[in-house]
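In what follows, a structure is listed as structure tokens, so that the remarks can point back to it.
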Amino acid sequence: MALFTLNINGKTQEVDVDSNTPILWVLRDHLDLVGTKFGCGIAQCGACTIHLDGNAVRSCQLPVSAVGSSVITTIEGLSENGNHPVQEAWLEHDVPQCGYCQAGQIMTAAAFLKNNPNPTEEEIENAMNGNICRCGTYTRIKAAVQTASQKL
Amino acid sequence: MTTVNTKLDRRSFLKVSALAGGGMMLSFSWLAGCKPTPEEELGLPKEWFELNSYIKIGENGAVTLYSPNPEFGSNVKTSMPMILAEELDTDWKNVFVEQADFYPERFDRQFTGGSQGIRMGWRPMRTAGATARALLVNAAAQTWNVPSTEITTSAGILEHKASGKKAHYGEMASLAATLEVPEEVQLKDVNDFKIIGNSKKNVDGENIVTGKPLFALDHRVEGMKYAAIVHPPAFGMRLKSFDKNSVSGMHGILDVFPISVFKDDYTRNSFDTTTFPEIVAIVGNSTWEVMQAKKSLKVEWENAPETSFQMAGWGGNTSSVSIPAGLENSSVHKARMAEYSQKPGTILRRDGDPEGAFKKAAKVIERTYSAPFLAHNTMEPMNCFADVKGDKAVIYGPTQAPEFIMGTLVQALGIPRENIQINLARMGGGFGRRAYSHHLVEAALISQKIQAPVSMVYTREDDMSAGVYRPAYSATYRAAMDENNNLLALHVKAGGIPESPIHANRFPAGAIDNYLAESWDIPSNITIGAFRAPRSNFIAGAEQSFLDELAEAMGKDPIEFRLELLKRAETNPVGENNDYLPQRYASVLELVREKSNWNSPQPNVSRGVSAYFCHNSYVAEVVDTVIKNNQPVVESVYAAVDCGIVVNPDAARNMGEGAIVDGIGNAFFGELAFENGTPTKTNFDKYRMIRHKEAPKKIEVHFVDNGEEPTGLGEPLFPPVFAALANSLYKATGKRYYEQPFAPQLEMQNLKM
Ligand code: FES
Ligand code: FES
């Protein structure tokens, strides 16, 4: 066990956990930030996507010891009032079915659009390809990313 | 307008105010998510007045509607309250929606599955809404001293035009809650619907996109522990022993013990499917710690002998079910299915003289189709929260079927039913898998053992290798034709491991003079369960691929050919028990023909069509593929759906799009195979799921507008996709696809998948 100081959603948080613990479980079990989801545990589904210094990463494969002073953003901290353009676009297109994958999809989309605010359809598909949606909301996700890109 | 008797469904309209202040109703989920929406003007009221099980109205006019059925993504949590709101005649803006807990004394049929939520809930929801409205009208009549027949309602406002009196529902709610429930109430005319048929956003949309706790796995209480499970590595194996010491020193590990879902003398119900009734539980302080211990736990497994148990049937009959011993292999499965498809099966239906027709046929076409086991792979793995202390249990679990697991909980825990509370968590997908809720029992047993609240979670590997799969299937179709390519007879023989997919009385039965349907099955210890449109999800693909090949052999347009058969079934049906309406079937084919511009196809686009009837609904689909950079790409999918009245059209389209994506994914990639009883894939690195790049570029879902009462929607769009895709790929590549998944065969044709 070791003490880690983390910068999450603009707040400094201390946790005392095994240094191999993936950030996913630090968020969920130790900090009650349960918006980030567990889907596969092996970086294959994207349900656990968070931002590390603004880049989308798989939190299930990111040990707490590797974070250092990097800034973590989770779905809970993506915007103050749920009004990030990507979140708004998601509501406009009423994307979710079960909803379980959607935090990960939104986090991937938000990081992607920051670097590429005017993507082609193909670029959207490539960027989102690591996020599985078992309910099959892909066409709506693509439409929502396009809508968000127009607002950014 | 229709008059309905409220007595028919009395329990939903009982006055339950005695329970309203205490009891199990007011659980911790109470008003969670009751954040006013942006356009929402009304805040929470000071007091709620309960008009019936489904409806409460606050003094300020705010309305709480309870959504009775578990939500797994089909959006019933929005659409069922929409039905209530319609007949209540309230303003949707003033509505708060609450997920009801499992409470059979108050709600009917709290079950999500079989695409029956809206169909079965249609009358009860409408009656509940209309009953509450009638109480409000009567309260206003009493208050204003005018006849109730002179009072009108609109968007939550009561009005007596002659005297100019007006009040909002909240002003009459406290009196309404004390009045007698009228024996008869009037339902609206379909043409007067204002909410039904007008798309409403998902009531949980904002909670989802902001990451609010909605799922059982997100539930946290003081003193809660975490648990992982370890189950046998193969079907046909069971627990022999484990060494607690192998993990007891590990940090954060509190306890390790075996649990058993069924007591020896328990009579199971048909939803009590569980592959491994005996597993090992590891309890600790965090998920990561119990998952680490899982890897280190030393366990010995042994081959399980043949077992049998008692199972209660629907009519109260109990039968004995046997599970064979042995470690099974997919290669052996395939060989046995091939053998069974050549042997005589059980005859389910015979019309005319099929054998004679085949004898005198000038030409016989025979094709065999097959599909492997599939894992449901809900995004949220099996999990459950349970808090069992003494003789009380609270379960917060992702389940489609709380009623079916209640008895299992009672026997496993030894706690009476009235002391067990099941709260319904939003599910991260169901697809049939969570109709089998052994995970609720497992979590409850773990909590009971440690006498503390616990959150139990499967790893993805546990989930994918725990069974309750879609069965493996095979179907052989034969057609007899005369020298002029007229269809003389059709023969289908289909079976599976361990159940047959056949629906003997469905189309094209009824349209062919000489028809024979045979069935077979092969027992197995690989457990199966409902998977989005059970049986139909395979047989539709086989049947509709075969019809495509027949149309081609006859030189007919595939839509025209189906319409001809349906005309025959309509005007001069063969046999008695045909379970579809040919006209409604034909109407979706006609609609998809129009919407897809079937008769003026684009160059270089390969099109396939398919149509199917299941869950009381009719669906026709056209799939367009192109080969781009040596890769098959699904450009567009057009679906025409007859599911009667559509309550929430945009959400219905979403569900339909999802079913189409699901079907294309499983047709291309879905497969679970076994070696010595062990699944060859246990996570998404090997089990290929459809992803963004493979999804259709465009999907259009069109509904037939016929004002019929609603029928199923979540499943019916799924079965026809398989054949529409196969038929379209045939046009693109010149090869027929008989075996699912298609991707390996496409790769053998040097296409990229
Ligand atoms: S849980 Fe991290 S990618 Fe699936
Ligand atoms: S919405 Fe259910 S997995 Fe994406």
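By convention in this document, the chains of the structure tokens carry letters A, B, ... by their order, each chain's residues are numbered from 1, and ligands are numbered from 1 in the order they are shown.
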I'd like the contact shell of range 89-106 of chain A - 7 Å cut-off, only C-alpha atoms, skipping same-chain residues fewer than 2 positions apart - returned as a PDB file with all heavy atoms, in the first residue's frame.
```
ATOM      1  N   GLY A  35     -19.081   6.856 -12.383  1.00  0.00           N
ATOM      2  CA  GLY A  35     -19.484   7.079 -13.776  1.00  0.00           C
ATOM      3  C   GLY A  35     -18.588   6.346 -14.761  1.00  0.00           C
ATOM      4  O   GLY A  35     -19.022   5.963 -15.851  1.00  0.00           O
ATOM      5  N   THR A  36     -17.343   6.127 -14.399  1.00  0.00           N
ATOM      6  CA  THR A  36     -16.400   5.395 -15.235  1.00  0.00           C
ATOM      7  C   THR A  36     -16.673   3.908 -15.059  1.00  0.00           C
ATOM      8  O   THR A  36     -16.719   3.415 -13.938  1.00  0.00           O
ATOM      9  CB  THR A  36     -14.949   5.743 -14.832  1.00  0.00           C
ATOM     10  OG1 THR A  36     -14.807   7.170 -14.860  1.00  0.00           O
ATOM     11  CG2 THR A  36     -13.946   5.115 -15.777  1.00  0.00           C
ATOM     12  N   GLY A  46     -13.370   0.092 -23.959  1.00  0.00           N
ATOM     13  CA  GLY A  46     -13.490   1.543 -23.847  1.00  0.00           C
ATOM     14  C   GLY A  46     -14.475   2.045 -22.801  1.00  0.00           C
ATOM     15  O   GLY A  46     -14.608   3.259 -22.611  1.00  0.00           O
ATOM     16  N   ALA A  47     -15.161   1.164 -22.091  1.00  0.00           N
ATOM     17  CA  ALA A  47     -16.158   1.605 -21.106  1.00  0.00           C
ATOM     18  C   ALA A  47     -15.517   2.433 -20.000  1.00  0.00           C
ATOM     19  O   ALA A  47     -16.171   3.257 -19.370  1.00  0.00           O
ATOM     20  CB  ALA A  47     -16.872   0.404 -20.506  1.00  0.00           C
ATOM     21  N   CYS A  48     -14.222   2.218 -19.777  1.00  0.00           N
ATOM     22  CA  CYS A  48     -13.521   2.843 -18.649  1.00  0.00           C
ATOM     23  C   CYS A  48     -12.754   4.097 -19.060  1.00  0.00           C
ATOM     24  O   CYS A  48     -11.906   4.561 -18.303  1.00  0.00           O
ATOM     25  CB  CYS A  48     -12.546   1.836 -18.055  1.00  0.00           C
ATOM     26  SG  CYS A  48     -11.221   1.443 -19.224  1.00  0.00           S
ATOM     27  N   THR A  49     -13.060   4.642 -20.233  1.00  0.00           N
ATOM     28  CA  THR A  49     -12.258   5.748 -20.766  1.00  0.00           C
ATOM     29  C   THR A  49     -12.344   7.017 -19.909  1.00  0.00           C
ATOM     30  O   THR A  49     -13.430   7.470 -19.544  1.00  0.00           O
ATOM     31  CB  THR A  49     -12.700   6.070 -22.207  1.00  0.00           C
ATOM     32  OG1 THR A  49     -12.628   4.867 -22.964  1.00  0.00           O
ATOM     33  CG2 THR A  49     -11.806   7.131 -22.832  1.00  0.00           C
ATOM     34  N   ILE A  75     -15.992  11.386 -16.438  1.00  0.00           N
ATOM     35  CA  ILE A  75     -17.281  11.856 -16.952  1.00  0.00           C
ATOM     36  C   ILE A  75     -17.931  12.851 -15.986  1.00  0.00           C
ATOM     37  O   ILE A  75     -18.552  13.821 -16.409  1.00  0.00           O
ATOM     38  CB  ILE A  75     -18.226  10.654 -17.259  1.00  0.00           C
ATOM     39  CG1 ILE A  75     -19.504  11.094 -17.948  1.00  0.00           C
ATOM     40  CG2 ILE A  75     -18.548   9.845 -16.005  1.00  0.00           C
ATOM     41  CD1 ILE A  75     -19.374  11.503 -19.374  1.00  0.00           C
ATOM     42  N   PRO A  85     -20.406  20.270 -25.082  1.00  0.00           N
ATOM     43  CA  PRO A  85     -21.081  20.094 -26.375  1.00  0.00           C
ATOM     44  C   PRO A  85     -21.305  18.623 -26.743  1.00  0.00           C
ATOM     45  O   PRO A  85     -22.315  18.300 -27.380  1.00  0.00           O
ATOM     46  CB  PRO A  85     -20.126  20.754 -27.368  1.00  0.00           C
ATOM     47  CG  PRO A  85     -19.318  21.717 -26.561  1.00  0.00           C
ATOM     48  CD  PRO A  85     -19.253  21.171 -25.167  1.00  0.00           C
ATOM     49  N   VAL A  86     -20.402  17.754 -26.342  1.00  0.00           N
ATOM     50  CA  VAL A  86     -20.591  16.334 -26.656  1.00  0.00           C
ATOM     51  C   VAL A  86     -21.768  15.776 -25.851  1.00  0.00           C
ATOM     52  O   VAL A  86     -22.615  15.057 -26.383  1.00  0.00           O
ATOM     53  CB  VAL A  86     -19.298  15.524 -26.383  1.00  0.00           C
ATOM     54  CG1 VAL A  86     -19.559  14.029 -26.512  1.00  0.00           C
ATOM     55  CG2 VAL A  86     -18.196  15.957 -27.355  1.00  0.00           C
ATOM     56  N   GLN A  87     -21.848  16.146 -24.586  1.00  0.00           N
ATOM     57  CA  GLN A  87     -22.990  15.677 -23.778  1.00  0.00           C
ATOM     58  C   GLN A  87     -24.308  16.214 -24.346  1.00  0.00           C
ATOM     59  O   GLN A  87     -25.299  15.485 -24.430  1.00  0.00           O
ATOM     60  CB  GLN A  87     -22.820  16.121 -22.315  1.00  0.00           C
ATOM     61  CG  GLN A  87     -21.711  15.362 -21.586  1.00  0.00           C
ATOM     62  CD  GLN A  87     -21.322  16.005 -20.268  1.00  0.00           C
ATOM     63  OE1 GLN A  87     -21.111  17.214 -20.193  1.00  0.00           O
ATOM     64  NE2 GLN A  87     -21.216  15.193 -19.228  1.00  0.00           N
ATOM     65  N   THR A 108     -14.213   9.473 -25.003  1.00  0.00           N
ATOM     66  CA  THR A 108     -13.401   9.284 -26.210  1.00  0.00           C
ATOM     67  C   THR A 108     -13.708  10.376 -27.231  1.00  0.00           C
ATOM     68  O   THR A 108     -12.800  10.992 -27.804  1.00  0.00           O
ATOM     69  CB  THR A 108     -13.686   7.897 -26.833  1.00  0.00           C
ATOM     70  OG1 THR A 108     -13.360   6.894 -25.866  1.00  0.00           O
ATOM     71  CG2 THR A 108     -12.845   7.661 -28.084  1.00  0.00           C
ATOM     72  N   ALA A 109     -14.999  10.637 -27.432  1.00  0.00           N
ATOM     73  CA  ALA A 109     -15.400  11.639 -28.421  1.00  0.00           C
ATOM     74  C   ALA A 109     -14.899  13.030 -28.038  1.00  0.00           C
ATOM     75  O   ALA A 109     -14.418  13.778 -28.888  1.00  0.00           O
ATOM     76  CB  ALA A 109     -16.926  11.643 -28.561  1.00  0.00           C
ATOM     77  N   ALA A 110     -14.999  13.370 -26.747  1.00  0.00           N
ATOM     78  CA  ALA A 110     -14.603  14.716 -26.308  1.00  0.00           C
ATOM     79  C   ALA A 110     -13.111  14.939 -26.525  1.00  0.00           C
ATOM     80  O   ALA A 110     -12.692  15.998 -27.015  1.00  0.00           O
ATOM     81  CB  ALA A 110     -14.978  14.917 -24.843  1.00  0.00           C
ATOM     82  N   ASN A 131     -14.347   1.757 -28.742  1.00  0.00           N
ATOM     83  CA  ASN A 131     -15.443   1.748 -27.764  1.00  0.00           C
ATOM     84  C   ASN A 131     -16.595   0.881 -28.257  1.00  0.00           C
ATOM     85  O   ASN A 131     -17.272   1.241 -29.214  1.00  0.00           O
ATOM     86  CB  ASN A 131     -15.958   3.174 -27.536  1.00  0.00           C
ATOM     87  CG  ASN A 131     -14.986   4.009 -26.720  1.00  0.00           C
ATOM     88  OD1 ASN A 131     -13.929   4.394 -27.208  1.00  0.00           O
ATOM     89  ND2 ASN A 131     -15.329   4.262 -25.473  1.00  0.00           N
ATOM     90  N   CYS A 133     -20.242  -0.636 -28.203  1.00  0.00           N
ATOM     91  CA  CYS A 133     -21.597  -0.446 -27.685  1.00  0.00           C
ATOM     92  C   CYS A 133     -22.393  -1.706 -28.009  1.00  0.00           C
ATOM     93  O   CYS A 133     -22.755  -1.938 -29.156  1.00  0.00           O
ATOM     94  CB  CYS A 133     -22.280   0.777 -28.293  1.00  0.00           C
ATOM     95  SG  CYS A 133     -24.000   0.912 -27.733  1.00  0.00           S
ATOM     96  N   CYS A 135     -25.363  -2.346 -27.313  1.00  0.00           N
ATOM     97  CA  CYS A 135     -26.728  -2.039 -27.739  1.00  0.00           C
ATOM     98  C   CYS A 135     -26.767  -1.563 -29.183  1.00  0.00           C
ATOM     99  O   CYS A 135     -27.843  -1.433 -29.753  1.00  0.00           O
ATOM    100  CB  CYS A 135     -27.345  -0.979 -26.837  1.00  0.00           C
ATOM    101  SG  CYS A 135     -27.494  -1.505 -25.118  1.00  0.00           S
ATOM    102  N   THR A 137     -25.576   1.485 -30.672  1.00  0.00           N
ATOM    103  CA  THR A 137     -25.988   2.873 -30.923  1.00  0.00           C
ATOM    104  C   THR A 137     -25.013   3.611 -31.838  1.00  0.00           C
ATOM    105  O   THR A 137     -24.978   4.844 -31.853  1.00  0.00           O
ATOM    106  CB  THR A 137     -26.123   3.660 -29.592  1.00  0.00           C
ATOM    107  OG1 THR A 137     -24.825   3.703 -28.960  1.00  0.00           O
ATOM    108  CG2 THR A 137     -27.111   3.019 -28.650  1.00  0.00           C
ATOM    109  N   ARG A 140     -26.051   6.593 -34.125  1.00  0.00           N
ATOM    110  CA  ARG A 140     -26.391   7.803 -33.363  1.00  0.00           C
ATOM    111  C   ARG A 140     -25.148   8.453 -32.774  1.00  0.00           C
ATOM    112  O   ARG A 140     -25.053   9.675 -32.684  1.00  0.00           O
ATOM    113  CB  ARG A 140     -27.379   7.472 -32.248  1.00  0.00           C
ATOM    114  CG  ARG A 140     -28.764   7.352 -32.803  1.00  0.00           C
ATOM    115  CD  ARG A 140     -29.824   7.039 -31.800  1.00  0.00           C
ATOM    116  NE  ARG A 140     -31.011   6.724 -32.580  1.00  0.00           N
ATOM    117  CZ  ARG A 140     -32.149   7.389 -32.495  1.00  0.00           C
ATOM    118  NH1 ARG A 140     -32.310   8.349 -31.616  1.00  0.00           N
ATOM    119  NH2 ARG A 140     -33.166   7.060 -33.270  1.00  0.00           N
ATOM    120  N   ILE A 141     -24.223   7.630 -32.329  1.00  0.00           N
ATOM    121  CA  ILE A 141     -22.975   8.192 -31.786  1.00  0.00           C
ATOM    122  C   ILE A 141     -22.278   9.018 -32.864  1.00  0.00           C
ATOM    123  O   ILE A 141     -21.853  10.144 -32.620  1.00  0.00           O
ATOM    124  CB  ILE A 141     -22.051   7.056 -31.271  1.00  0.00           C
ATOM    125  CG1 ILE A 141     -22.635   6.448 -29.988  1.00  0.00           C
ATOM    126  CG2 ILE A 141     -20.633   7.577 -31.038  1.00  0.00           C
ATOM    127  CD1 ILE A 141     -21.888   5.235 -29.456  1.00  0.00           C
ATOM    128  N   ALA A 144     -24.062  12.211 -33.353  1.00  0.00           N
ATOM    129  CA  ALA A 144     -23.861  13.113 -32.215  1.00  0.00           C
ATOM    130  C   ALA A 144     -22.467  13.732 -32.253  1.00  0.00           C
ATOM    131  O   ALA A 144     -22.302  14.916 -31.936  1.00  0.00           O
ATOM    132  CB  ALA A 144     -24.084  12.362 -30.898  1.00  0.00           C
ATOM    133  N   THR A 147     -22.639  16.482 -34.756  1.00  0.00           N
ATOM    134  CA  THR A 147     -23.347  17.637 -34.195  1.00  0.00           C
ATOM    135  C   THR A 147     -22.443  18.404 -33.234  1.00  0.00           C
ATOM    136  O   THR A 147     -22.356  19.633 -33.288  1.00  0.00           O
ATOM    137  CB  THR A 147     -24.619  17.173 -33.457  1.00  0.00           C
ATOM    138  OG1 THR A 147     -25.465  16.539 -34.398  1.00  0.00           O
ATOM    139  CG2 THR A 147     -25.351  18.331 -32.815  1.00  0.00           C
ATOM    140  N   ALA A 148     -21.758  17.666 -32.366  1.00  0.00           N
ATOM    141  CA  ALA A 148     -20.878  18.316 -31.386  1.00  0.00           C
ATOM    142  C   ALA A 148     -19.763  19.065 -32.094  1.00  0.00           C
ATOM    143  O   ALA A 148     -19.382  20.161 -31.677  1.00  0.00           O
ATOM    144  CB  ALA A 148     -20.309  17.281 -30.421  1.00  0.00           C
TER     145      ALA A 148
ATOM    146  N   PHE B  72     -33.649  -2.271 -19.332  1.00  0.00           N
ATOM    147  CA  PHE B  72     -32.337  -2.753 -19.796  1.00  0.00           C
ATOM    148  C   PHE B  72     -31.882  -2.081 -21.085  1.00  0.00           C
ATOM    149  O   PHE B  72     -30.974  -2.540 -21.740  1.00  0.00           O
ATOM    150  CB  PHE B  72     -32.289  -4.276 -19.898  1.00  0.00           C
ATOM    151  CG  PHE B  72     -33.154  -4.943 -20.951  1.00  0.00           C
ATOM    152  CD1 PHE B  72     -33.851  -4.227 -21.901  1.00  0.00           C
ATOM    153  CD2 PHE B  72     -33.222  -6.333 -20.982  1.00  0.00           C
ATOM    154  CE1 PHE B  72     -34.625  -4.871 -22.868  1.00  0.00           C
ATOM    155  CE2 PHE B  72     -33.989  -6.980 -21.943  1.00  0.00           C
ATOM    156  CZ  PHE B  72     -34.695  -6.245 -22.885  1.00  0.00           C
ATOM    157  N   GLY B  73     -32.541  -0.987 -21.412  1.00  0.00           N
ATOM    158  CA  GLY B  73     -32.117  -0.253 -22.593  1.00  0.00           C
ATOM    159  C   GLY B  73     -33.195  -0.154 -23.651  1.00  0.00           C
ATOM    160  O   GLY B  73     -33.013   0.497 -24.668  1.00  0.00           O
ATOM    161  N   SER B  74     -34.345  -0.784 -23.402  1.00  0.00           N
ATOM    162  CA  SER B  74     -35.419  -0.706 -24.393  1.00  0.00           C
ATOM    163  C   SER B  74     -36.250   0.558 -24.190  1.00  0.00           C
ATOM    164  O   SER B  74     -37.163   0.820 -24.944  1.00  0.00           O
ATOM    165  CB  SER B  74     -36.303  -1.949 -24.329  1.00  0.00           C
ATOM    166  OG  SER B  74     -36.926  -2.044 -23.067  1.00  0.00           O
ATOM    167  N   ASN B  75     -35.898   1.311 -23.171  1.00  0.00           N
ATOM    168  CA  ASN B  75     -36.515   2.613 -22.919  1.00  0.00           C
ATOM    169  C   ASN B  75     -37.949   2.522 -22.401  1.00  0.00           C
ATOM    170  O   ASN B  75     -38.723   3.469 -22.540  1.00  0.00           O
ATOM    171  CB  ASN B  75     -36.455   3.488 -24.177  1.00  0.00           C
ATOM    172  CG  ASN B  75     -36.296   4.964 -23.827  1.00  0.00           C
ATOM    173  OD1 ASN B  75     -36.150   5.323 -22.666  1.00  0.00           O
ATOM    174  ND2 ASN B  75     -36.347   5.807 -24.829  1.00  0.00           N
ATOM    175  N   LYS B 201     -37.698  12.421 -24.953  1.00  0.00           N
ATOM    176  CA  LYS B 201     -36.318  12.018 -24.662  1.00  0.00           C
ATOM    177  C   LYS B 201     -36.286  11.028 -23.504  1.00  0.00           C
ATOM    178  O   LYS B 201     -37.114  11.087 -22.591  1.00  0.00           O
ATOM    179  CB  LYS B 201     -35.485  13.242 -24.273  1.00  0.00           C
ATOM    180  CG  LYS B 201     -35.405  14.304 -25.357  1.00  0.00           C
ATOM    181  CD  LYS B 201     -34.390  13.944 -26.412  1.00  0.00           C
ATOM    182  CE  LYS B 201     -34.169  15.113 -27.362  1.00  0.00           C
ATOM    183  NZ  LYS B 201     -33.792  14.678 -28.701  1.00  0.00           N
ATOM    184  N   ASN B 202     -35.287  10.178 -23.555  1.00  0.00           N
ATOM    185  CA  ASN B 202     -35.021   9.212 -22.497  1.00  0.00           C
ATOM    186  C   ASN B 202     -34.986   9.927 -21.129  1.00  0.00           C
ATOM    187  O   ASN B 202     -34.202  10.856 -20.938  1.00  0.00           O
ATOM    188  CB  ASN B 202     -33.652   8.591 -22.795  1.00  0.00           C
ATOM    189  CG  ASN B 202     -33.314   7.429 -21.890  1.00  0.00           C
ATOM    190  OD1 ASN B 202     -33.733   7.375 -20.742  1.00  0.00           O
ATOM    191  ND2 ASN B 202     -32.552   6.502 -22.414  1.00  0.00           N
ATOM    192  N   GLY B 205     -31.646  10.181 -19.705  1.00  0.00           N
ATOM    193  CA  GLY B 205     -30.591  10.661 -20.605  1.00  0.00           C
ATOM    194  C   GLY B 205     -29.531  11.507 -19.913  1.00  0.00           C
ATOM    195  O   GLY B 205     -28.335  11.240 -20.013  1.00  0.00           O
ATOM    196  N   ILE B 208     -27.359   9.605 -17.576  1.00  0.00           N
ATOM    197  CA  ILE B 208     -26.402   8.745 -18.274  1.00  0.00           C
ATOM    198  C   ILE B 208     -25.216   9.559 -18.783  1.00  0.00           C
ATOM    199  O   ILE B 208     -24.067   9.185 -18.567  1.00  0.00           O
ATOM    200  CB  ILE B 208     -27.098   7.994 -19.437  1.00  0.00           C
ATOM    201  CG1 ILE B 208     -28.073   6.951 -18.879  1.00  0.00           C
ATOM    202  CG2 ILE B 208     -26.064   7.314 -20.347  1.00  0.00           C
ATOM    203  CD1 ILE B 208     -29.021   6.363 -19.910  1.00  0.00           C
ATOM    204  N   VAL B 209     -25.489  10.684 -19.432  1.00  0.00           N
ATOM    205  CA  VAL B 209     -24.362  11.412 -20.041  1.00  0.00           C
ATOM    206  C   VAL B 209     -23.514  12.160 -19.014  1.00  0.00           C
ATOM    207  O   VAL B 209     -22.434  12.645 -19.341  1.00  0.00           O
ATOM    208  CB  VAL B 209     -24.808  12.377 -21.178  1.00  0.00           C
ATOM    209  CG1 VAL B 209     -25.602  11.637 -22.235  1.00  0.00           C
ATOM    210  CG2 VAL B 209     -25.580  13.569 -20.633  1.00  0.00           C
ATOM    211  N   GLY B 211     -22.811  10.599 -16.042  1.00  0.00           N
ATOM    212  CA  GLY B 211     -22.166   9.561 -15.233  1.00  0.00           C
ATOM    213  C   GLY B 211     -22.753   9.369 -13.846  1.00  0.00           C
ATOM    214  O   GLY B 211     -22.063   8.956 -12.917  1.00  0.00           O
ATOM    215  N   MET B 379     -22.817  -5.275 -21.829  1.00  0.00           N
ATOM    216  CA  MET B 379     -21.641  -4.439 -21.510  1.00  0.00           C
ATOM    217  C   MET B 379     -21.352  -4.444 -20.015  1.00  0.00           C
ATOM    218  O   MET B 379     -20.211  -4.393 -19.592  1.00  0.00           O
ATOM    219  CB  MET B 379     -21.875  -3.002 -21.963  1.00  0.00           C
ATOM    220  CG  MET B 379     -21.277  -2.606 -23.299  1.00  0.00           C
ATOM    221  SD  MET B 379     -19.916  -3.571 -23.887  1.00  0.00           S
ATOM    222  CE  MET B 379     -18.587  -2.572 -23.366  1.00  0.00           C
ATOM    223  N   GLU B 380     -22.409  -4.449 -19.232  1.00  0.00           N
ATOM    224  CA  GLU B 380     -22.224  -4.522 -17.781  1.00  0.00           C
ATOM    225  C   GLU B 380     -22.198  -6.000 -17.407  1.00  0.00           C
ATOM    226  O   GLU B 380     -23.180  -6.704 -17.627  1.00  0.00           O
ATOM    227  CB  GLU B 380     -23.399  -3.836 -17.078  1.00  0.00           C
ATOM    228  CG  GLU B 380     -23.380  -3.947 -15.579  1.00  0.00           C
ATOM    229  CD  GLU B 380     -24.753  -3.696 -14.938  1.00  0.00           C
ATOM    230  OE1 GLU B 380     -25.780  -4.001 -15.574  1.00  0.00           O
ATOM    231  OE2 GLU B 380     -24.794  -3.219 -13.813  1.00  0.00           O
ATOM    232  N   MET B 427     -30.241  -1.851 -16.008  1.00  0.00           N
ATOM    233  CA  MET B 427     -29.299  -2.883 -16.452  1.00  0.00           C
ATOM    234  C   MET B 427     -28.440  -2.375 -17.591  1.00  0.00           C
ATOM    235  O   MET B 427     -28.954  -1.739 -18.510  1.00  0.00           O
ATOM    236  CB  MET B 427     -30.065  -4.111 -16.941  1.00  0.00           C
ATOM    237  CG  MET B 427     -30.703  -4.899 -15.830  1.00  0.00           C
ATOM    238  SD  MET B 427     -31.821  -6.152 -16.505  1.00  0.00           S
ATOM    239  CE  MET B 427     -33.352  -5.237 -16.514  1.00  0.00           C
ATOM    240  N   GLY B 428     -27.164  -2.696 -17.545  1.00  0.00           N
ATOM    241  CA  GLY B 428     -26.267  -2.383 -18.658  1.00  0.00           C
ATOM    242  C   GLY B 428     -26.397  -3.448 -19.727  1.00  0.00           C
ATOM    243  O   GLY B 428     -25.472  -4.179 -20.030  1.00  0.00           O
ATOM    244  N   GLY B 429     -27.590  -3.538 -20.281  1.00  0.00           N
ATOM    245  CA  GLY B 429     -27.898  -4.545 -21.304  1.00  0.00           C
ATOM    246  C   GLY B 429     -28.487  -5.794 -20.684  1.00  0.00           C
ATOM    247  O   GLY B 429     -28.224  -6.127 -19.521  1.00  0.00           O
TER     248      GLY B 429
END
```
As a count of residues only, list the residues of chain A assigned to alpha helix (DSSP H) by DSSP on the backbone atoms of this structure.
47
Using only C-alpha atoms, determine which residues lie at most 8 Å from Pro534 in chain B, disregarding the query and same-chain residues fewer than 4 positions distant; provide the list as a list in words.
Arg470, Pro501, Ala530 and Phe538 of chain B
Check which residues fall inside 6 Å of ligand 1 when counting only C-alpha atoms and all ligand atoms, and print them as a ChimeraX atom specification.
/A:38-48,58-60
Could you write out that same residue set with C-alpha atoms as a PDB file, in the first residue's frame?
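And here's result30.pdb as it stands now:
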```
ATOM      1  CA  PHE A  38     -15.849  -1.605 -15.984  1.00  0.00           C
ATOM      2  CA  GLY A  39     -16.443  -3.598 -19.154  1.00  0.00           C
ATOM      3  CA  CYS A  40     -13.513  -5.870 -19.923  1.00  0.00           C
ATOM      4  CA  GLY A  41     -10.501  -4.957 -17.811  1.00  0.00           C
ATOM      5  CA  ILE A  42      -8.113  -5.495 -20.733  1.00  0.00           C
ATOM      6  CA  ALA A  43      -8.332  -2.249 -22.742  1.00  0.00           C
ATOM      7  CA  GLN A  44     -10.659  -3.753 -25.349  1.00  0.00           C
ATOM      8  CA  CYS A  45     -14.035  -2.096 -24.804  1.00  0.00           C
ATOM      9  CA  GLY A  46     -13.490   1.543 -23.847  1.00  0.00           C
ATOM     10  CA  ALA A  47     -16.158   1.605 -21.106  1.00  0.00           C
ATOM     11  CA  CYS A  48     -13.521   2.843 -18.649  1.00  0.00           C
ATOM     12  CA  ARG A  58      -8.242   3.219 -20.687  1.00  0.00           C
ATOM     13  CA  SER A  59      -8.388   3.518 -16.918  1.00  0.00           C
ATOM     14  CA  CYS A  60      -8.586  -0.268 -16.447  1.00  0.00           C
TER      15      CYS A  60
END
```
